[in-house]
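Trainee: So that you have it, the file is upload-v1.cif, and it contains mmCIF, C-alpha atoms:
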data_query
#
loop_
_atom_site.label_atom_id
_atom_site.label_comp_id
_atom_site.auth_asym_id
_atom_site.auth_seq_id
_atom_site.Cartn_x
_atom_site.Cartn_y
_atom_site.Cartn_z
CA MET S 750 123.01 168.17 125.24
CA SER S 751 125.98 169.39 127.25
CA ILE S 752 129.18 170.65 125.61
CA SER S 753 131.07 167.59 126.94
CA LYS S 754 128.52 165.19 125.42
CA VAL S 755 128.66 167.02 122.08
CA ALA S 756 132.46 166.81 122.11
CA SER S 757 132.34 163.12 123.01
CA SER S 758 129.88 162.44 120.18
CA LEU S 759 132.09 164.26 117.67
CA ILE S 760 135.17 162.34 118.82
CA SER S 761 133.28 159.05 118.52
CA LYS S 762 132.07 159.92 115.01
CA HIS S 763 135.58 160.96 113.98
CA SER S 764 136.94 157.66 115.33
CA ILE S 765 134.43 155.66 113.28
CA GLU S 766 135.31 157.55 110.10
CA GLN S 767 139.01 156.89 110.71
CA ARG S 768 138.41 153.16 111.12
CA LEU S 769 135.96 152.71 108.22
CA GLN S 770 136.74 152.28 104.55
CA ILE S 771 133.97 151.46 102.06
CA GLU S 772 135.01 150.50 98.56
CA HIS S 773 132.49 150.12 95.73
CA LEU S 774 133.65 147.48 93.29
CA ILE S 775 130.27 147.41 91.55
CA PRO S 776 128.62 150.71 90.51
CA THR S 777 125.45 151.87 92.21
CA ASN S 778 123.73 152.00 88.80
CA PRO S 779 124.36 148.73 86.93
CA LEU S 780 122.95 150.22 83.71
CA PHE S 781 126.33 151.91 83.26
CA VAL S 782 127.95 148.46 82.91
CA PRO S 783 127.72 147.13 79.33
CA THR S 784 127.21 143.52 80.43
CA ALA S 785 124.79 144.34 83.26
CA GLY S 786 121.68 142.22 83.07
CA SER S 787 123.11 139.70 80.62
CA ASP S 788 122.51 136.97 83.21
CA VAL S 789 118.88 138.12 83.49
CA SER S 790 118.39 138.04 79.72
CA LYS S 791 119.97 134.61 79.49
CA GLY S 792 117.92 133.19 82.34
CA LEU S 793 114.56 134.52 81.19
CA THR S 794 114.99 133.38 77.58
CA GLN S 795 115.88 129.76 78.36
CA THR S 796 113.58 126.86 79.20
CA PRO S 797 112.89 126.50 82.06
CA LYS S 798 113.34 130.13 83.07
CA THR S 799 115.81 131.01 85.84
CA LEU S 800 117.15 134.08 87.63
CA PRO S 801 120.41 134.38 89.61
CA ALA S 802 119.88 134.41 93.38
CA ARG S 803 122.03 137.54 93.70
CA TYR S 804 119.06 139.61 92.52
CA PHE S 805 117.34 138.90 95.83
CA TYR S 806 119.65 141.36 97.54
CA ASP S 807 118.72 144.94 97.00
CA ASP S 808 118.32 146.85 100.28
CA ARG S 809 114.72 145.67 100.82
CA GLY S 810 115.65 142.10 99.94
CA SER S 811 118.47 142.18 102.47
CA ASP S 812 116.08 143.50 105.12
CA LEU S 813 113.56 140.75 104.32
CA PHE S 814 116.25 138.10 104.59
CA GLU S 815 117.17 139.39 108.05
CA GLN S 816 113.49 138.91 108.98
CA ILE S 817 113.55 135.37 107.57
CA CYS S 818 116.45 134.55 109.86
CA GLU S 819 114.25 135.35 112.88
CA LEU S 820 111.29 133.19 111.80
CA PRO S 821 110.34 130.18 113.96
CA GLU S 822 110.34 127.88 110.92
CA TYR S 823 113.82 128.96 109.79
CA TYR S 824 116.04 126.69 111.88
CA VAL S 825 119.19 127.52 109.92
CA THR S 826 120.25 130.77 111.61
CA ARG S 827 119.56 129.82 115.22
CA THR S 828 121.21 126.41 114.78
CA GLU S 829 124.38 127.86 113.27
CA THR S 830 124.41 130.61 115.89
CA LYS S 831 124.41 128.05 118.70
CA ILE S 832 127.35 126.23 117.11
CA LEU S 833 129.29 129.49 116.80
CA GLN S 834 128.52 130.46 120.38
CA GLN S 835 129.90 127.13 121.56
CA TYR S 836 132.99 126.94 119.35
CA ALA S 837 134.04 130.49 118.35
CA GLY S 838 136.69 130.49 121.07
CA GLU S 839 138.19 127.32 119.64
CA ILE S 840 138.21 128.86 116.15
CA ALA S 841 140.04 131.93 117.48
CA ARG S 842 142.60 129.79 119.29
CA ILE S 843 143.32 127.69 116.19
CA THR S 844 143.76 130.65 113.81
CA GLY S 845 145.44 133.11 116.17
CA PRO S 846 145.35 136.84 115.26
CA CYS S 847 143.37 136.86 112.06
CA GLU S 848 141.70 139.24 109.61
CA LEU S 849 138.10 138.16 109.15
CA VAL S 850 136.76 138.31 105.58
CA GLU S 851 133.02 137.58 105.30
CA LEU S 852 131.19 136.82 102.06
CA GLY S 853 127.58 138.00 102.12
CA SER S 854 127.96 139.76 105.45
CA GLY S 855 124.43 141.21 105.69
CA SER S 856 123.82 142.57 109.18
CA SER S 857 126.98 140.84 110.52
CA THR S 858 125.00 139.51 113.51
CA LYS S 859 126.81 136.16 113.78
CA THR S 860 130.11 137.89 113.03
CA ARG S 861 129.92 139.52 116.46
CA ILE S 862 130.29 136.09 118.06
CA ILE S 863 133.58 135.56 116.21
CA LEU S 864 134.82 139.10 116.90
CA ASP S 865 134.07 138.62 120.60
CA ALA S 866 136.13 135.43 120.61
CA TYR S 867 139.15 137.19 119.10
CA ALA S 868 138.71 140.17 121.44
CA GLN S 869 138.66 137.88 124.51
CA LEU S 870 142.06 136.56 123.46
CA GLY S 871 143.36 140.11 123.05
CA HIS S 872 143.78 139.81 119.28
CA PRO S 873 143.50 142.88 117.01
CA LEU S 874 140.19 143.13 115.18
CA GLN S 875 140.11 143.65 111.40
CA TYR S 876 136.99 142.91 109.41
CA LEU S 877 136.47 142.88 105.64
CA PRO S 878 132.72 142.41 104.94
CA ILE S 879 131.56 141.82 101.36
CA ASP S 880 127.97 142.32 100.20
CA VAL S 881 126.10 143.51 97.11
CA SER S 882 123.78 145.64 99.25
CA ALA S 883 125.59 148.90 99.95
CA GLY S 884 122.92 150.09 102.38
CA ILE S 885 123.02 147.18 104.83
CA LEU S 886 126.81 146.94 104.45
CA GLU S 887 127.39 150.51 105.62
CA THR S 888 124.73 150.39 108.34
CA SER S 889 126.11 147.20 109.88
CA ALA S 890 129.74 148.38 109.56
CA ARG S 891 129.03 151.62 111.41
CA GLN S 892 127.19 149.80 114.18
CA LEU S 893 130.06 147.37 114.60
CA LEU S 894 132.57 150.22 114.79
CA ALA S 895 130.48 151.94 117.44
CA ASP S 896 130.37 148.74 119.50
CA TYR S 897 134.01 147.66 119.00
CA PRO S 898 136.30 150.68 119.59
CA SER S 899 139.44 148.90 118.34
CA LEU S 900 137.86 147.38 115.22
CA LYS S 901 138.93 148.39 111.70
CA VAL S 902 136.51 147.75 108.80
CA HIS S 903 137.29 147.72 105.09
CA ALA S 904 133.93 147.01 103.43
CA LEU S 905 133.58 145.94 99.81
CA VAL S 906 130.36 146.51 97.87
CA ALA S 907 130.78 143.67 95.41
CA THR S 908 129.83 140.19 94.29
CA TYR S 909 131.79 137.33 95.83
CA GLU S 910 133.48 136.56 92.53
CA LEU S 911 134.74 140.10 92.03
CA ALA S 912 135.71 140.71 95.63
CA LEU S 913 137.79 137.54 95.89
CA THR S 914 139.99 138.79 93.06
CA GLN S 915 140.50 142.16 94.78
CA VAL S 916 141.38 141.15 98.35
CA SER S 917 144.81 142.58 99.17
CA PRO S 918 147.34 140.99 101.58
CA THR S 919 146.40 141.33 105.22
CA GLU S 920 148.39 143.28 107.81
CA LEU S 921 147.70 140.60 110.43
CA PRO S 922 149.58 137.29 110.76
CA ASN S 923 146.68 135.39 109.22
CA ARG S 924 143.35 135.63 107.39
CA MET S 925 140.11 133.68 107.51
CA ILE S 926 137.47 133.86 104.78
CA SER S 927 134.07 133.15 106.29
CA PHE S 928 131.14 131.81 104.27
CA ILE S 929 128.48 131.05 106.84
CA GLY S 930 124.70 130.94 106.74
CA SER S 931 124.49 127.90 104.41
CA THR S 932 124.81 130.11 101.32
CA LEU S 933 126.98 127.48 99.65
CA GLY S 934 123.74 125.58 99.09
CA ASN S 935 122.70 128.17 96.50
CA LEU S 936 125.42 126.87 94.17
CA ASN S 937 125.02 123.79 92.00
CA PRO S 938 127.87 121.22 92.06
CA GLN S 939 129.71 122.81 89.12
CA GLU S 940 129.39 126.31 90.57
CA CYS S 941 130.57 124.92 93.90
CA ASP S 942 133.80 123.66 92.33
CA VAL S 943 134.41 127.06 90.72
CA PHE S 944 133.75 128.79 94.04
CA PHE S 945 136.22 126.61 95.94
CA ALA S 946 138.85 127.40 93.30
CA GLN S 947 138.17 131.12 93.82
CA ILE S 948 138.63 130.69 97.57
CA THR S 949 141.95 128.90 97.16
CA ASN S 950 143.16 131.62 94.78
CA ALA S 951 142.25 134.33 97.30
CA LEU S 952 144.06 132.66 100.21
CA GLN S 953 147.73 132.21 100.96
CA VAL S 954 148.98 128.80 102.07
CA GLY S 955 148.25 128.44 105.77
CA GLU S 956 145.24 130.78 105.76
CA TYR S 957 141.76 129.67 106.74
CA PHE S 958 138.27 129.13 105.34
CA LEU S 959 135.23 128.89 107.66
CA LEU S 960 132.21 127.27 106.02
CA GLY S 961 128.66 126.83 107.30
CA ILE S 962 126.52 124.15 105.62
CA ASP S 963 122.96 122.97 106.04
CA LEU S 964 122.94 119.18 106.34
CA GLN S 965 120.52 116.63 104.92
CA LYS S 966 117.41 116.03 107.02
CA PRO S 967 113.75 114.99 106.62
CA LYS S 968 111.42 116.91 104.30
CA HIS S 969 109.02 117.82 107.12
CA ILE S 970 111.80 119.82 108.79
CA VAL S 971 113.30 121.45 105.71
CA GLU S 972 110.26 122.49 103.68
CA PRO S 973 108.50 124.75 106.25
CA ALA S 974 111.67 126.86 106.53
CA TYR S 975 110.98 128.12 103.00
CA ASN S 976 107.19 128.37 103.34
CA ASP S 977 106.73 130.34 106.55
CA ALA S 978 103.27 131.10 107.89
CA GLN S 979 103.87 134.87 107.90
CA GLY S 980 104.72 134.96 104.19
CA VAL S 981 108.09 136.66 104.66
CA THR S 982 109.89 134.21 102.38
CA ALA S 983 107.20 134.74 99.74
CA ALA S 984 107.73 138.51 99.97
CA PHE S 985 111.49 137.98 99.72
CA ASN S 986 111.07 135.87 96.59
CA LEU S 987 108.63 138.29 94.92
CA ASN S 988 110.85 141.26 95.76
CA MET S 989 113.33 139.95 93.20
CA LEU S 990 110.89 141.06 90.51
CA GLU S 991 110.66 144.53 92.07
CA HIS S 992 114.46 144.67 92.09
CA LEU S 993 114.51 143.85 88.37
CA ASN S 994 111.85 146.50 87.74
CA HIS S 995 114.01 149.10 89.45
CA GLN S 996 117.33 148.06 87.96
CA PHE S 997 116.25 147.35 84.40
CA GLU S 998 113.11 149.46 83.86
CA GLY S 999 110.80 146.47 84.07
CA ASN S 1000 107.05 146.13 84.46
CA PHE S 1001 106.69 142.88 86.40
CA ASP S 1002 103.36 142.87 88.27
CA THR S 1003 104.14 140.98 91.46
CA THR S 1004 100.44 140.36 92.12
CA GLN S 1005 100.44 138.12 89.06
CA PHE S 1006 103.14 135.78 90.39
CA GLU S 1007 103.21 133.52 93.43
CA HIS S 1008 105.92 132.01 95.60
CA TRP S 1009 106.40 128.24 95.27
CA ALA S 1010 109.03 126.29 97.20
CA PHE S 1011 109.43 122.54 97.68
CA TYR S 1012 112.04 120.00 98.75
CA ASN S 1013 113.42 117.90 95.90
CA GLU S 1014 114.37 114.80 97.86
CA ALA S 1015 116.13 113.12 94.93
CA GLU S 1016 118.57 116.06 94.67
CA SER S 1017 118.55 116.90 98.40
CA GLN S 1018 117.71 120.52 97.67
CA ILE S 1019 115.01 123.10 98.17
CA GLU S 1020 113.85 124.65 94.89
CA MET S 1021 112.30 128.11 95.07
CA HIS S 1022 110.26 129.39 92.15
CA LEU S 1023 108.05 132.28 91.07
CA ARG S 1024 104.97 130.96 89.29
CA SER S 1025 102.96 132.99 86.77
CA LEU S 1026 99.26 133.12 87.66
CA ARG S 1027 98.15 133.87 84.09
CA SER S 1028 99.31 134.32 80.53
CA GLN S 1029 101.28 137.56 80.48
CA SER S 1030 104.11 139.46 78.82
CA VAL S 1031 106.78 141.40 80.70
CA GLU S 1032 109.16 144.04 79.37
CA LEU S 1033 112.58 145.01 80.70
CA ARG S 1034 113.25 148.13 78.66
CA ALA S 1035 116.85 148.66 79.74
CA LEU S 1036 117.68 145.17 78.46
CA ASN S 1037 115.54 145.49 75.33
CA LEU S 1038 113.84 142.30 76.46
CA ASN S 1039 110.26 141.05 76.23
CA VAL S 1040 109.35 137.83 78.02
CA ASP S 1041 106.14 135.83 77.64
CA PHE S 1042 104.77 133.63 80.42
CA ALA S 1043 102.21 130.87 80.11
CA PRO S 1044 99.79 130.25 83.00
CA GLY S 1045 101.63 128.22 85.65
CA GLU S 1046 105.05 128.76 84.08
CA THR S 1047 107.80 129.22 86.64
CA ILE S 1048 111.11 131.01 87.16
CA LEU S 1049 113.62 129.12 89.29
CA THR S 1050 115.06 131.76 91.63
CA GLU S 1051 117.06 129.67 94.09
CA ILE S 1052 118.22 126.23 95.04
CA SER S 1053 119.30 125.44 98.58
CA ARG S 1054 121.26 122.22 98.66
CA LYS S 1055 121.51 120.14 101.82
CA PHE S 1056 124.89 118.49 102.24
CA ASN S 1057 126.37 115.21 103.37
CA LEU S 1058 129.13 116.16 105.83
CA GLN S 1059 131.63 113.52 104.75
CA ILE S 1060 131.20 114.21 101.03
CA ILE S 1061 131.64 117.99 101.37
CA GLN S 1062 134.80 117.47 103.44
CA GLU S 1063 136.21 115.28 100.67
CA GLN S 1064 135.42 117.98 98.09
CA LEU S 1065 137.11 120.65 100.18
CA THR S 1066 140.21 118.50 100.64
CA ALA S 1067 140.38 117.87 96.88
CA ASN S 1068 140.61 121.66 96.46
CA GLY S 1069 143.42 122.03 99.00
CA LEU S 1070 141.07 123.31 101.71
CA VAL S 1071 141.77 120.71 104.36
CA PRO S 1072 139.21 120.55 107.21
CA LEU S 1073 141.00 120.97 110.53
CA GLN S 1074 137.93 120.82 112.71
CA GLY S 1075 134.20 120.31 112.22
CA TRP S 1076 131.28 120.93 114.52
CA THR S 1077 127.56 120.14 114.39
CA ASP S 1078 124.57 120.72 116.63
CA ALA S 1079 123.14 117.91 118.77
CA ASP S 1080 120.54 117.04 116.10
CA GLY S 1081 123.07 116.99 113.25
CA TRP S 1082 121.08 119.58 111.31
CA PHE S 1083 123.92 121.99 110.55
CA GLY S 1084 127.69 121.80 110.12
CA LEU S 1085 130.51 124.29 110.60
CA LEU S 1086 133.91 123.47 109.10
CA LEU S 1087 137.22 125.25 109.71
CA CYS S 1088 139.58 124.52 106.80
CA GLN S 1089 143.16 125.54 106.06
CA LEU S 1090 144.70 126.03 102.64
CA GLN S 1091 147.56 123.60 102.30
CA ALA S 1092 150.15 123.32 99.54
#
Would it be possible to restate this file's structure as structure tokens?
Mentor:
Amino acid sequence: MSISKVASSLISKHSIEQRLQIEHLIPTNPLFVPTAGSDVSKGLTQTPKTLPARYFYDDRGSDLFEQICELPEYYVTRTETKILQQYAGEIARITGPCELVELGSGSSTKTRIILDAYAQLGHPLQYLPIDVSAGILETSARQLLADYPSLKVHALVATYELALTQVSPTELPNRMISFIGSTLGNLNPQECDVFFAQITNALQVGEYFLLGIDLQKPKHIVEPAYNDAQGVTAAFNLNMLEHLNHQFEGNFDTTQFEHWAFYNEAESQIEMHLRSLRSQSVELRALNLNVDFAPGETILTEISRKFNLQIIQEQLTANGLVPLQGWTDADGWFGLLLCQLQA
């Protein structure tokens, strides 16, 4: 490598470091937190057993989810992406110069569409990604900074709940909190109400909330998205047990559990479970917890609710998050809502 190329590389690296801030709001070792794992203990000692979906997302889980998003059966990502590609410019025009806050940022792939829209209008680019996976958060932030020379990134390694209480006032004229990817579906109706209250508390009057939601559709379309032929979703689900093994000194044997997902039409939601293949006992030493499983007994690991567009808009409005504009794809499979906090 020539001296000029070495110098250019060093300048580029220095520029990225100047424009990147990574803040850890949750420690890398949760065992140092007195209440860590209390949600696991609670979920595994109740009937039926449950686990919080956030335990999907260690670094491997985040990587597996990125693979899920590319699967032919998983319509969610490509459908939302098409909507964003068509309407990101309109979003940027409505909000004006705007700091983008993203909950569950992952690889930030779809975020690039929004950043491009702001850049085309000559707006400054500030991005505040929030994710529990420190590895994918830093990797994606550095790649974005390399690709967008004027971008500033303040990344938060945190849960949504914690991060929303820590977001400081923006330097830009406005802010938009983005919650895309249909992740709202992982929350039950009560949790959804709490989440909307957290969003309103984190925003100032006049600021924006961008929400992506998977809409109600026939079972034969929804169910294969969570039972892909390659088994990636099954690996993603089973990896939760490996995450618990690592975090809480557990001895789950993932070969003795199987992935089970189905569409509950009465509740309009996918339910994803891990099903025990035999009678077995599992220990999580760091939590001082022993859990017995009967053959066929399940752990509910995730719900994925499918929404009625009119009803969810009414719920948002009731929380002061008034929908300004809504977009769907031609088939009406997915919805994107731009809301504004109003007094």
Trainee: If the PyMOL selection byres ((chain S and resi 821-826) around 12) were run on this exact file, what residues would it hold? Put them as number ranges by chain.
Mentor: S: 814-820, 827-833, 858-859, 929-932, 934, 961-964, 966, 969-982, 1053, 1055, 1078, 1080-1085
Trainee: Under the PyMOL selection byres ((chain S and resi 983-994) around 10), which residues of this model are included? Write them out as a ChimeraX atom specification.
Mentor: /S:786,789,800-814,816-817,975-982,995-1004,1006-1010,1021-1024,1032-1035,1050-1051
Trainee: Got a sec: who's within 10 Å of Glu910 in chain S, counting all atoms listed in the file, leaving out chain neighbours fewer than 6 positions off, as a ChimeraX atom specification?
Mentor: /S:852,943-944,947-948
Trainee: So the first atom is CA of Val1071 in chain S and the second is CA of Asn937 in chain S; what is the distance between them in Å, to one decimal place?
Mentor: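 These atoms are spaced 21.0 Å apart.
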Trainee: What does the structure give for the distance between CA of Gln1005 in chain S and CA of Ile885 in chain S, in Å to one decimal?
Mentor: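 Spanning CA of Gln1005 in chain S to CA of Ile885 in chain S is a straight-line distance of 29.0 Å.
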Trainee: Would you give the centre and edge lengths, in Å to one decimal, of a box along x, y and z around the listed atoms of range 940-946 of chain S, with 8 Å added to each side, as AutoDock Vina command-line options?
Mentor:
--center_x 134.1 --center_y 126.2 --center_z 93.3 --size_x 25.5 --size_y 21.1 --size_z 21.4
Trainee: Starting from the displayed file, determine the output of the PyMOL selection byres ((chain S and resi 890) around 9) and express the residue list as a ChimeraX atom specification.
Mentor: /S:769,856-857,878,885-889,891-895,902-904
Trainee: Choose the residue, out of S:His773, S:Arg1027, S:His872, S:Arg1054, that has the smallest atom-to-atom separation from Pro922 in chain S; count all atoms listed in the file.
Mentor: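 Checking each candidate against Pro922 in chain S, we get S:His872 as the closest.
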Trainee: Between CA of Gln1062 in chain S and CA of Gln1089 in chain S, what is the spacing in Å?
Mentor: 11.9 Å
